[in-house]
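Asks: Take a look at input.cif, mmCIF, C-alpha atoms:
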```
data_start
loop_
_atom_site.label_atom_id
_atom_site.label_comp_id
_atom_site.auth_asym_id
_atom_site.auth_seq_id
_atom_site.Cartn_x
_atom_site.Cartn_y
_atom_site.Cartn_z
CA MET A 1274 -45.60 110.31 -10.23
CA ILE A 1275 -43.99 108.15 -12.88
CA LYS A 1276 -45.94 106.13 -15.45
CA ILE A 1277 -44.46 102.86 -16.61
CA GLU A 1278 -45.60 100.48 -19.29
CA ILE A 1279 -44.82 96.78 -19.02
CA ASN A 1280 -45.38 94.20 -21.73
CA VAL A 1281 -45.33 90.52 -20.78
CA ASP A 1282 -45.22 88.20 -23.79
CA PRO A 1283 -44.94 84.47 -24.34
CA LYS A 1284 -41.32 83.53 -25.05
CA GLU A 1285 -40.41 82.55 -28.59
CA GLY A 1286 -41.01 78.83 -29.00
CA ILE A 1287 -43.49 78.59 -26.13
CA LEU A 1288 -46.91 77.43 -27.21
CA ASP A 1289 -49.48 80.24 -27.17
CA PRO A 1290 -52.88 78.55 -27.72
CA GLN A 1291 -54.70 81.89 -27.50
CA GLY A 1292 -52.47 83.45 -30.17
CA LYS A 1293 -52.89 80.38 -32.40
CA THR A 1294 -56.69 80.54 -32.12
CA VAL A 1295 -56.77 84.25 -32.96
CA GLU A 1296 -54.38 83.60 -35.86
CA ARG A 1297 -56.81 81.02 -37.30
CA ALA A 1298 -59.74 83.39 -36.75
CA LEU A 1299 -57.94 86.18 -38.64
CA LYS A 1300 -57.17 83.81 -41.51
CA ASN A 1301 -60.84 82.80 -41.59
CA LEU A 1302 -61.64 86.50 -41.98
CA SER A 1303 -59.45 86.46 -45.10
CA PHE A 1304 -56.44 88.19 -43.51
CA SER A 1305 -54.42 85.54 -45.29
CA ASP A 1306 -51.07 87.32 -44.92
CA VAL A 1307 -51.04 86.89 -41.12
CA CYS A 1308 -48.16 84.51 -40.32
CA GLN A 1309 -48.20 84.47 -36.56
CA VAL A 1310 -50.13 85.95 -33.65
CA ARG A 1311 -48.72 86.11 -30.14
CA ILE A 1312 -50.81 87.44 -27.28
CA GLY A 1313 -49.31 88.90 -24.14
CA LYS A 1314 -50.26 91.30 -21.36
CA HIS A 1315 -50.03 95.04 -21.24
CA ILE A 1316 -49.62 96.53 -17.76
CA ILE A 1317 -49.55 100.25 -16.86
CA LEU A 1318 -48.13 101.26 -13.50
CA ASP A 1319 -48.31 104.60 -11.72
CA ILE A 1320 -45.38 104.70 -9.33
CA ASP A 1321 -45.12 107.28 -6.58
CA LEU A 1322 -41.43 108.08 -7.05
CA ASP A 1323 -39.51 111.02 -8.53
CA ASN A 1324 -36.44 109.10 -9.62
CA GLU A 1325 -36.98 107.43 -12.99
CA ASP A 1326 -34.09 104.97 -12.62
CA LEU A 1327 -35.40 103.85 -9.27
CA ALA A 1328 -38.91 103.44 -10.69
CA LEU A 1329 -37.59 101.33 -13.57
CA LYS A 1330 -35.62 99.18 -11.15
CA GLU A 1331 -38.74 98.70 -9.04
CA ALA A 1332 -40.71 97.69 -12.12
CA GLU A 1333 -38.06 95.15 -13.08
CA LYS A 1334 -38.21 93.64 -9.61
CA MET A 1335 -42.01 93.42 -9.90
CA CYS A 1336 -41.69 91.59 -13.21
CA LYS A 1337 -39.24 89.09 -11.76
CA GLU A 1338 -41.21 88.47 -8.59
CA LEU A 1339 -44.76 88.40 -9.87
CA LEU A 1340 -45.73 89.93 -13.20
CA ALA A 1341 -43.91 87.49 -15.49
CA ASN A 1342 -43.06 83.80 -15.19
CA PRO A 1343 -39.50 83.46 -16.53
CA LEU A 1344 -40.11 79.88 -17.70
CA ILE A 1345 -42.61 80.94 -20.34
CA GLU A 1346 -42.68 84.73 -20.54
CA GLU A 1347 -40.40 87.66 -21.27
CA PHE A 1348 -41.05 91.23 -20.30
CA SER A 1349 -40.14 94.71 -21.47
CA ILE A 1350 -40.37 97.91 -19.45
CA LYS A 1351 -40.85 101.41 -20.86
CA LEU A 1352 -41.06 104.79 -19.23
CA LEU A 1353 -44.17 106.72 -20.30
CA LYS A 1354 -43.90 110.48 -20.31
CA MET B 427 -53.76 59.71 13.92
CA THR B 428 -53.02 61.75 10.82
CA LYS B 429 -54.17 65.36 10.93
CA PHE B 430 -54.82 67.19 7.68
CA GLY B 431 -54.94 70.90 6.91
CA VAL B 432 -56.78 72.36 3.92
CA ILE B 433 -55.57 75.78 2.76
CA ILE B 434 -58.30 78.17 1.67
CA PHE B 435 -57.66 81.11 -0.66
CA PRO B 436 -60.26 83.57 -1.93
CA GLY B 437 -61.63 81.66 -4.92
CA SER B 438 -60.80 78.14 -3.71
CA ASN B 439 -63.82 75.98 -4.50
CA CYS B 440 -62.80 72.37 -3.88
CA ASP B 441 -61.85 72.92 -0.24
CA LEU B 442 -65.13 71.53 1.12
CA ASP B 443 -64.90 68.41 -1.05
CA ALA B 444 -61.41 67.71 0.32
CA ILE B 445 -62.62 68.30 3.87
CA TYR B 446 -65.60 65.97 3.27
CA VAL B 447 -63.36 63.14 2.03
CA ILE B 448 -60.99 63.48 4.96
CA GLU B 449 -63.72 63.63 7.60
CA ASN B 450 -66.20 61.15 6.17
CA ILE B 451 -64.27 58.74 3.99
CA VAL B 452 -60.81 58.38 5.54
CA LYS B 453 -62.22 59.56 8.89
CA ARG B 454 -59.38 61.73 10.09
CA LYS B 455 -59.16 65.21 11.60
CA VAL B 456 -58.92 68.19 9.27
CA LEU B 457 -58.37 71.87 9.93
CA LYS B 458 -59.28 74.76 7.64
CA ILE B 459 -56.39 77.16 7.19
CA TRP B 460 -56.92 80.68 5.82
CA HIS B 461 -54.33 81.94 3.34
CA LYS B 462 -53.55 85.01 5.44
CA ASP B 463 -52.43 82.91 8.42
CA ARG B 464 -48.72 83.33 9.11
CA SER B 465 -48.16 79.99 10.76
CA LEU B 466 -49.44 76.44 10.41
CA PRO B 467 -51.21 74.48 13.15
CA ASP B 468 -49.90 71.05 14.14
CA ILE B 469 -50.73 68.94 11.07
CA ASP B 470 -49.17 66.08 9.12
CA CYS B 471 -50.42 66.75 5.60
CA ILE B 472 -51.44 69.89 3.72
CA ILE B 473 -54.01 69.86 0.93
CA ILE B 474 -53.97 72.84 -1.44
CA PRO B 475 -57.37 72.50 -3.11
CA GLY B 476 -58.65 73.36 -6.55
CA GLY B 477 -60.55 76.43 -7.57
CA PHE B 478 -59.74 79.82 -9.01
CA SER B 479 -57.67 81.53 -6.34
CA PHE B 480 -57.73 85.30 -6.90
CA GLY B 481 -59.83 84.75 -10.03
CA ASP B 482 -56.85 83.26 -11.92
CA TYR B 483 -55.76 86.88 -12.46
CA LEU B 484 -52.31 87.35 -14.02
CA ARG B 485 -51.61 83.58 -14.20
CA PRO B 486 -53.38 80.75 -12.36
CA GLY B 487 -51.83 80.43 -8.90
CA ALA B 488 -49.48 83.41 -9.34
CA ILE B 489 -51.03 85.69 -6.74
CA ALA B 490 -51.84 82.89 -4.28
CA SER B 491 -48.19 81.79 -4.42
CA HIS B 492 -47.33 85.02 -2.58
CA SER B 493 -49.99 84.73 0.16
CA PRO B 494 -48.64 84.89 3.75
CA ILE B 495 -49.39 81.17 4.34
CA MET B 496 -46.94 80.18 1.59
CA LYS B 497 -43.93 81.00 3.76
CA PRO B 498 -44.78 78.44 6.48
CA ILE B 499 -45.87 76.02 3.73
CA LYS B 500 -42.39 76.23 2.16
CA GLU B 501 -40.85 75.57 5.55
CA PHE B 502 -43.25 72.63 6.11
CA SER B 503 -42.16 71.25 2.74
CA ARG B 504 -38.45 71.67 3.54
CA ASN B 505 -39.03 69.73 6.77
CA GLY B 506 -40.50 66.83 4.83
CA GLY B 507 -44.20 67.48 5.52
CA LEU B 508 -46.59 65.98 2.96
CA ILE B 509 -48.29 68.40 0.57
CA LEU B 510 -50.91 67.52 -2.04
CA GLY B 511 -51.78 70.24 -4.55
CA ILE B 512 -54.86 69.53 -6.66
CA CYS B 513 -55.61 71.46 -9.88
CA ASN B 514 -55.29 75.13 -8.85
CA GLY B 515 -53.29 73.77 -5.89
CA PHE B 516 -50.83 72.26 -8.40
CA GLN B 517 -50.66 75.60 -10.23
CA ILE B 518 -49.96 77.41 -6.94
CA LEU B 519 -47.15 74.95 -6.11
CA THR B 520 -45.45 75.53 -9.47
CA GLU B 521 -45.80 79.31 -9.19
CA ALA B 522 -44.30 79.09 -5.68
CA ASN B 523 -41.37 77.08 -7.12
CA ILE B 524 -42.14 74.19 -4.77
CA LEU B 525 -42.72 72.09 -7.89
CA PRO B 526 -40.99 72.69 -11.25
CA GLY B 527 -42.69 73.80 -14.46
CA VAL B 528 -45.80 75.80 -15.21
CA MET B 529 -49.29 75.26 -16.57
CA LEU B 530 -50.11 76.78 -19.96
CA ARG B 531 -53.61 77.30 -21.39
CA ASN B 532 -55.13 74.04 -22.69
CA ILE B 533 -54.18 73.51 -26.30
CA SER B 534 -57.88 73.75 -27.29
CA THR B 535 -58.11 77.05 -25.30
CA ARG B 536 -61.26 75.57 -23.73
CA PHE B 537 -62.22 74.68 -20.20
CA ILE B 538 -62.39 70.88 -20.05
CA SER B 539 -64.55 69.10 -17.51
CA LYS B 540 -64.73 65.33 -17.96
CA LYS B 541 -63.57 61.96 -16.69
CA VAL B 542 -60.13 60.88 -17.86
CA LYS B 543 -58.13 57.68 -17.66
CA LEU B 544 -54.75 57.97 -15.96
CA LYS B 545 -51.80 55.67 -15.54
CA VAL B 546 -50.15 55.44 -12.12
CA LEU B 547 -46.49 55.61 -13.16
CA ASN B 548 -45.00 55.42 -9.69
CA ASN B 549 -46.71 53.75 -6.74
CA ASN B 550 -43.72 54.09 -4.45
CA THR B 551 -44.80 57.45 -3.01
CA PRO B 552 -46.67 58.60 0.11
CA PHE B 553 -49.62 59.49 -2.15
CA THR B 554 -49.96 56.43 -4.39
CA ASN B 555 -48.82 53.45 -2.31
CA LEU B 556 -52.24 51.73 -2.42
CA PHE B 557 -52.27 51.63 -6.23
CA SER B 558 -50.30 49.15 -8.27
CA LYS B 559 -47.65 50.31 -10.72
CA ASN B 560 -49.09 51.12 -14.16
CA GLU B 561 -52.64 50.74 -12.80
CA ILE B 562 -55.17 52.58 -14.95
CA ILE B 563 -57.55 54.71 -12.90
CA GLU B 564 -60.29 57.17 -13.81
CA LEU B 565 -60.64 60.62 -12.24
CA PRO B 566 -62.37 63.85 -13.23
CA ILE B 567 -60.50 66.87 -14.59
CA ALA B 568 -61.88 70.41 -14.67
CA HIS B 569 -59.47 73.07 -15.85
CA LYS B 570 -58.62 75.59 -18.54
CA ASP B 571 -54.91 75.83 -17.76
CA GLY B 572 -53.65 72.29 -17.31
CA ASN B 573 -51.19 72.08 -20.16
CA TYR B 574 -48.04 71.21 -18.20
CA TYR B 575 -44.83 72.68 -19.55
CA ALA B 576 -41.23 72.51 -18.35
CA PRO B 577 -37.94 72.78 -20.25
CA LEU B 578 -36.66 69.53 -21.76
CA GLU B 579 -33.86 69.08 -19.19
CA MET B 580 -36.40 69.30 -16.39
CA ILE B 581 -38.69 66.75 -18.07
CA ASP B 582 -35.72 64.39 -18.46
CA GLU B 583 -34.91 64.77 -14.80
CA LEU B 584 -38.53 64.12 -13.80
CA LYS B 585 -38.48 60.98 -15.94
CA THR B 586 -35.17 59.55 -14.77
CA LYS B 587 -35.95 60.18 -11.10
CA ASN B 588 -39.42 58.58 -11.32
CA ARG B 589 -41.06 61.87 -10.49
CA LEU B 590 -43.78 61.52 -13.11
CA ILE B 591 -46.61 60.09 -11.01
CA PHE B 592 -49.71 60.23 -13.21
CA SER B 593 -49.96 60.43 -16.99
CA TYR B 594 -53.06 60.82 -19.15
CA CYS B 595 -53.93 57.79 -21.29
CA GLU B 596 -55.40 60.23 -23.83
CA ASN B 597 -53.86 63.68 -23.54
CA PRO B 598 -56.75 66.15 -23.04
CA ASN B 599 -54.84 69.44 -22.75
CA GLY B 600 -51.48 69.30 -24.54
CA SER B 601 -49.28 68.55 -21.50
CA VAL B 602 -45.73 67.47 -22.38
CA GLU B 603 -45.26 63.72 -21.95
CA ASP B 604 -49.01 63.47 -21.11
CA ILE B 605 -48.13 64.65 -17.61
CA ALA B 606 -51.03 64.79 -15.14
CA GLY B 607 -49.10 64.73 -11.85
CA ILE B 608 -45.53 65.16 -10.62
CA LEU B 609 -43.56 64.78 -7.40
CA ASN B 610 -40.88 67.09 -5.98
CA GLU B 611 -37.31 65.88 -5.71
CA GLU B 612 -37.58 64.93 -2.04
CA GLY B 613 -40.77 62.96 -2.66
CA ASN B 614 -43.04 64.76 -0.17
CA VAL B 615 -44.97 67.10 -2.48
CA LEU B 616 -47.39 65.91 -5.18
CA GLY B 617 -49.11 68.18 -7.69
CA MET B 618 -51.88 66.79 -9.89
CA MET B 619 -54.48 68.28 -12.24
CA PRO B 620 -57.18 65.57 -11.80
CA HIS B 621 -59.52 65.81 -8.81
CA PRO B 622 -59.32 62.84 -6.41
CA GLU B 623 -61.54 64.67 -3.90
CA ARG B 624 -64.42 64.50 -6.41
CA ALA B 625 -64.16 60.71 -6.78
CA TYR B 626 -64.55 58.92 -3.47
CA GLU B 627 -67.66 56.75 -3.63
CA GLY B 628 -69.66 54.72 -6.12
CA LEU B 629 -72.56 57.14 -5.96
CA LEU B 630 -70.36 59.72 -7.72
CA GLY B 631 -69.53 57.33 -10.54
CA LEU B 632 -65.84 57.29 -9.67
CA GLU B 633 -64.29 56.25 -6.41
CA LEU B 634 -60.57 55.62 -6.80
CA GLY B 635 -59.70 59.17 -5.76
CA ARG B 636 -60.18 58.11 -2.15
CA LYS B 637 -57.14 55.85 -2.49
CA ILE B 638 -54.88 58.89 -2.67
CA PHE B 639 -56.13 60.08 0.71
CA GLU B 640 -55.98 56.52 2.05
CA SER B 641 -52.41 56.16 0.74
CA ILE B 642 -51.40 59.29 2.68
CA VAL B 643 -52.91 57.89 5.88
CA ASN B 644 -51.34 54.49 5.21
CA TYR B 645 -47.93 56.10 4.67
CA LEU B 646 -48.09 58.30 7.77
CA GLU B 647 -49.56 55.72 10.15
CA ASN B 648 -47.85 52.49 9.06
CA ARG B 649 -44.34 53.52 8.15
#
```
I need this file expressed as C-alpha cells, please.
Replies:
Amino acid sequence: MIKIEINVDPKEGILDPQGKTVERALKNLSFSDVCQVRIGKHIILDIDLDNEDLALKEAEKMCKELLANPLIEEFSIKLLK
Amino acid sequence: MTKFGVIIFPGSNCDLDAIYVIENIVKRKVLKIWHKDRSLPDIDCIIIPGGFSFGDYLRPGAIASHSPIMKPIKEFSRNGGLILGICNGFQILTEANILPGVMLRNISTRFISKKVKLKVLNNNTPFTNLFSKNEIIELPIAHKDGNYYAPLEMIDELKTKNRLIFSYCENPNGSVEDIAGILNEEGNVLGMMPHPERAYEGLLGLELGRKIFESIVNYLENR
C-alpha cells in the first residue's frame, strides 16, 4: 500500500473568496502581519500498488481528470512514507 | 411535439419544478432520466436541473460531470440536441467541458437566494427567441457558487460571438462581465445560474421563466 498526499490550491491570481474572508478574520483578531490567505484542499490517498512511480502517475491522472480544475486550481503530489 | 428529458442526479432538487413547468405550463411530454443510465431515450431537449448533485463535494458539478449519462449527453450535444443547464446544471456543463469556464464561490462567500434583474443580451437562440433583445426580466437565483470565471481570451470570444445570453443588471456574485448565462459555440447548449423553472406563473410572483421553455418549444416546432 502506498500513501499519497495531494494538495489542490487556487492558482495565483484566481479570486479565492474563502481565503479573503479568513484573511480579514485573522486581521480582526489582531494578526496584522498576515498579508494573504489562500485556502485549498488536502487529499490523502491509499493506493493498492507496490510501484511508487506507477502510484504517482495514477495520482497525477486523478488530479487531471477529477481532483483539480486546471482553469482555477493547481495541484501538487507527494509520496508519504 | 417536443419531448423533454430531465436528468436526475443524487442531490438534484429542481427536477420536479422543471417537470411541472413542462407538463403543466408548456404542456409537453417529459421523461425523467437517471444519471446512471447509459443511453438517452428519444427526446428533443435535455434539462439538467439545479440542486446539489453529490453534495457539491470537491467542486459543484465535478462528480456529476463523470456520471454515466454524461457520455450520451455529450453525443447528444455534438449532434445538435438542445441542452439547458440551470444552476447546478450549468456547473455540471462547465465541469464536463460542454460549456467553457467555471463557477467560483460567490464573492461574499454566502449563499444568495433572491430575485434578480437580468438583461437578455441575445434573443437569437433556441432558448430566448420569445424575448426581445436587451429586454430586462426578473428571475430568482439561489446559489453559493455562481461567480462565473473564464480566462480573458475566452470572455472575449464569448462576447464577440454573441454567446453571452443573460447578464445581471446588478452583479450579485462577482461574475466576470456580470455573466448570468452563456451559450456554447454551436448554439445548442445554454447554461444559466437563474432559475426559470421557479418563475412560471403570476402566483409565484415571477412568470417570465416560462418563456425560456416556450422559446424551446417554439424553436423546435416552428423552425
Asks: Residues within 9 Å of Pro526 in chain B, please, as a PyMOL selection string. Count only C-alpha atoms; anything in the same chain fewer than 2 positions from it doesn't count.
Replies: chain B and resi 519-521+523-524+528+576+580+608+610
Asks: Save the residues we just selected, C-alpha atoms, as a CSV table (one decimal), in the coordinates of the input?
Replies:
```csv
chain,number,residue,atom,x,y,z
B,519,LEU,CA,-47.2,75.0,-6.1
B,520,THR,CA,-45.4,75.5,-9.5
B,521,GLU,CA,-45.8,79.3,-9.2
B,523,ASN,CA,-41.4,77.1,-7.1
B,524,ILE,CA,-42.1,74.2,-4.8
B,528,VAL,CA,-45.8,75.8,-15.2
B,576,ALA,CA,-41.2,72.5,-18.4
B,580,MET,CA,-36.4,69.3,-16.4
B,608,ILE,CA,-45.5,65.2,-10.6
B,610,ASN,CA,-40.9,67.1,-6.0
```
Asks: If you count all atoms listed in the file, which residues fall within 12 Å of Leu1340 in chain A, apart from same-chain ones fewer than 4 positions away, as number ranges by chain?
Replies: A: 1279-1282, 1313-1318, 1331-1336, 1345-1350; B: 483-486, 488-489, 492, 521
Asks: Generate a file of the selected residues that holds C-alpha atoms, formatted as a PDB file, in the frame of the given file.
Replies:
```
ATOM      1  CA  ILE A1279     -44.820  96.780 -19.020  1.00  0.00           C
ATOM      2  CA  ASN A1280     -45.380  94.200 -21.730  1.00  0.00           C
ATOM      3  CA  VAL A1281     -45.330  90.520 -20.780  1.00  0.00           C
ATOM      4  CA  ASP A1282     -45.220  88.200 -23.790  1.00  0.00           C
ATOM      5  CA  GLY A1313     -49.310  88.900 -24.140  1.00  0.00           C
ATOM      6  CA  LYS A1314     -50.260  91.300 -21.360  1.00  0.00           C
ATOM      7  CA  HIS A1315     -50.030  95.040 -21.240  1.00  0.00           C
ATOM      8  CA  ILE A1316     -49.620  96.530 -17.760  1.00  0.00           C
ATOM      9  CA  ILE A1317     -49.550 100.250 -16.860  1.00  0.00           C
ATOM     10  CA  LEU A1318     -48.130 101.260 -13.500  1.00  0.00           C
ATOM     11  CA  GLU A1331     -38.740  98.700  -9.040  1.00  0.00           C
ATOM     12  CA  ALA A1332     -40.710  97.690 -12.120  1.00  0.00           C
ATOM     13  CA  GLU A1333     -38.060  95.150 -13.080  1.00  0.00           C
ATOM     14  CA  LYS A1334     -38.210  93.640  -9.610  1.00  0.00           C
ATOM     15  CA  MET A1335     -42.010  93.420  -9.900  1.00  0.00           C
ATOM     16  CA  CYS A1336     -41.690  91.590 -13.210  1.00  0.00           C
ATOM     17  CA  ILE A1345     -42.610  80.940 -20.340  1.00  0.00           C
ATOM     18  CA  GLU A1346     -42.680  84.730 -20.540  1.00  0.00           C
ATOM     19  CA  GLU A1347     -40.400  87.660 -21.270  1.00  0.00           C
ATOM     20  CA  PHE A1348     -41.050  91.230 -20.300  1.00  0.00           C
ATOM     21  CA  SER A1349     -40.140  94.710 -21.470  1.00  0.00           C
ATOM     22  CA  ILE A1350     -40.370  97.910 -19.450  1.00  0.00           C
TER      23      ILE A1350
ATOM     24  CA  TYR B 483     -55.760  86.880 -12.460  1.00  0.00           C
ATOM     25  CA  LEU B 484     -52.310  87.350 -14.020  1.00  0.00           C
ATOM     26  CA  ARG B 485     -51.610  83.580 -14.200  1.00  0.00           C
ATOM     27  CA  PRO B 486     -53.380  80.750 -12.360  1.00  0.00           C
ATOM     28  CA  ALA B 488     -49.480  83.410  -9.340  1.00  0.00           C
ATOM     29  CA  ILE B 489     -51.030  85.690  -6.740  1.00  0.00           C
ATOM     30  CA  HIS B 492     -47.330  85.020  -2.580  1.00  0.00           C
ATOM     31  CA  GLU B 521     -45.800  79.310  -9.190  1.00  0.00           C
TER      32      GLU B 521
END
```
Asks: Any idea what the distance is between CA of Ile474 in chain B and CA of Gly635 in chain B?
Replies: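 About the pair CA of Ile474 in chain B and CA of Gly635 in chain B: they are 15.4 Å apart.
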Asks: What residues come out when you apply the PyMOL selection byres ((chain B) within 7 of (chain A)) to this file, written as a list in words?
Replies: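 Applying the PyMOL selection byres ((chain B) within 7 of (chain A)) to the structure shown produces Ala488, Arg531, Ile533, Ser534 and Thr535 of chain B.
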Asks: Taking all atoms listed in the file into account, which of B:Ala490, B:Leu466, B:Leu590, B:Ile448 comes nearest Ile638 in chain B?
Replies: B:Ile448
Asks: Neighbouring residues of range 554-571 of chain B were defined as those with any atom within 6 Å, considering only C-alpha atoms; residues of the same chain fewer than 4 positions away were excluded. Please report them as a PyMOL selection string.
Replies: chain B and resi 529-532+536-550+620-621+638+641
Asks: Would you mind reading off the distance between CA of Ser503 in chain B and CA of Asn648 in chain B, one decimal, in Å?
Replies: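 Interatomic distance here is 20.6 Å.
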Asks: Have a look at CA of Ile512 in chain B and CA of Ser493 in chain B and let me know their distance in Å, one decimal.
Replies: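 Distance between the two atoms: 17.4 Å.
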Asks: Quick one: which residues end up in the PyMOL selection byres ((chain A and resi 1352) around 9) for this structure, as JSON, numbers by chain?
Replies: {"A": [1275, 1276, 1277, 1278, 1279, 1325, 1328, 1329, 1350, 1351, 1353, 1354]}
Asks: Create the file for the chosen residues now, containing C-alpha atoms and written as an mmCIF file, keeping the file's coordinate frame.
Replies:
```cif
data_model
loop_
_atom_site.group_PDB
_atom_site.id
_atom_site.type_symbol
_atom_site.label_atom_id
_atom_site.label_comp_id
_atom_site.auth_asym_id
_atom_site.auth_seq_id
_atom_site.Cartn_x
_atom_site.Cartn_y
_atom_site.Cartn_z
ATOM 1 C CA ILE A 1275 -43.990 108.150 -12.880
ATOM 2 C CA LYS A 1276 -45.940 106.130 -15.450
ATOM 3 C CA ILE A 1277 -44.460 102.860 -16.610
ATOM 4 C CA GLU A 1278 -45.600 100.480 -19.290
ATOM 5 C CA ILE A 1279 -44.820 96.780 -19.020
ATOM 6 C CA GLU A 1325 -36.980 107.430 -12.990
ATOM 7 C CA ALA A 1328 -38.910 103.440 -10.690
ATOM 8 C CA LEU A 1329 -37.590 101.330 -13.570
ATOM 9 C CA ILE A 1350 -40.370 97.910 -19.450
ATOM 10 C CA LYS A 1351 -40.850 101.410 -20.860
ATOM 11 C CA LEU A 1353 -44.170 106.720 -20.300
ATOM 12 C CA LYS A 1354 -43.900 110.480 -20.310
#
```
Asks: From the set B:Glu501, B:Glu596, B:Asp443, B:Glu449, which residue has the shortest atom-to-atom contact distance to Gly477 in chain B, counting only C-alpha atoms?
Replies: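 Looking only at the distances to Gly477 in chain B, the closest residue turns out to be B:Asp443.
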Asks: Which residue out of B:Val447, B:Ala606, B:Ile518, B:Leu634 has the minimum interatomic distance to Met618 in chain B when all atoms listed in the file are used?
Replies: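 The closest residue to Met618 in chain B is B:Ala606.
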Asks: Translate the PyMOL selection byres ((chain B and resi 510) around 9) into a concrete residue list for this structure, as JSON, numbers by chain.
Replies: {"B": [471, 472, 473, 474, 475, 508, 509, 511, 512, 515, 516, 553, 614, 615, 616, 617, 618]}
Asks: Using only C-alpha atoms, which protein or nucleic acid residues come within 12 Å of Cys1308 in chain A? Drop anything in the same chain fewer than 2 positions from it, and give the result as a ChimeraX atom specification.
Replies: /A:1292-1293,1295-1297,1299-1300,1304-1306,1310-1311
Asks: Leaving out Pro494 in chain B and any residue of its chain fewer than 6 positions from it, which residues lie within 10 Å of it when counting all atoms listed in the file, given as a PDB file with C-alpha atoms, in the coordinates of the input?
Replies:
```pdb
ATOM      1  CA  TRP B 460     -56.920  80.680   5.820  1.00  0.00           C
ATOM      2  CA  HIS B 461     -54.330  81.940   3.340  1.00  0.00           C
ATOM      3  CA  LYS B 462     -53.550  85.010   5.440  1.00  0.00           C
ATOM      4  CA  ASP B 463     -52.430  82.910   8.420  1.00  0.00           C
ATOM      5  CA  ARG B 464     -48.720  83.330   9.110  1.00  0.00           C
ATOM      6  CA  SER B 465     -48.160  79.990  10.760  1.00  0.00           C
TER       7      SER B 465
END
```
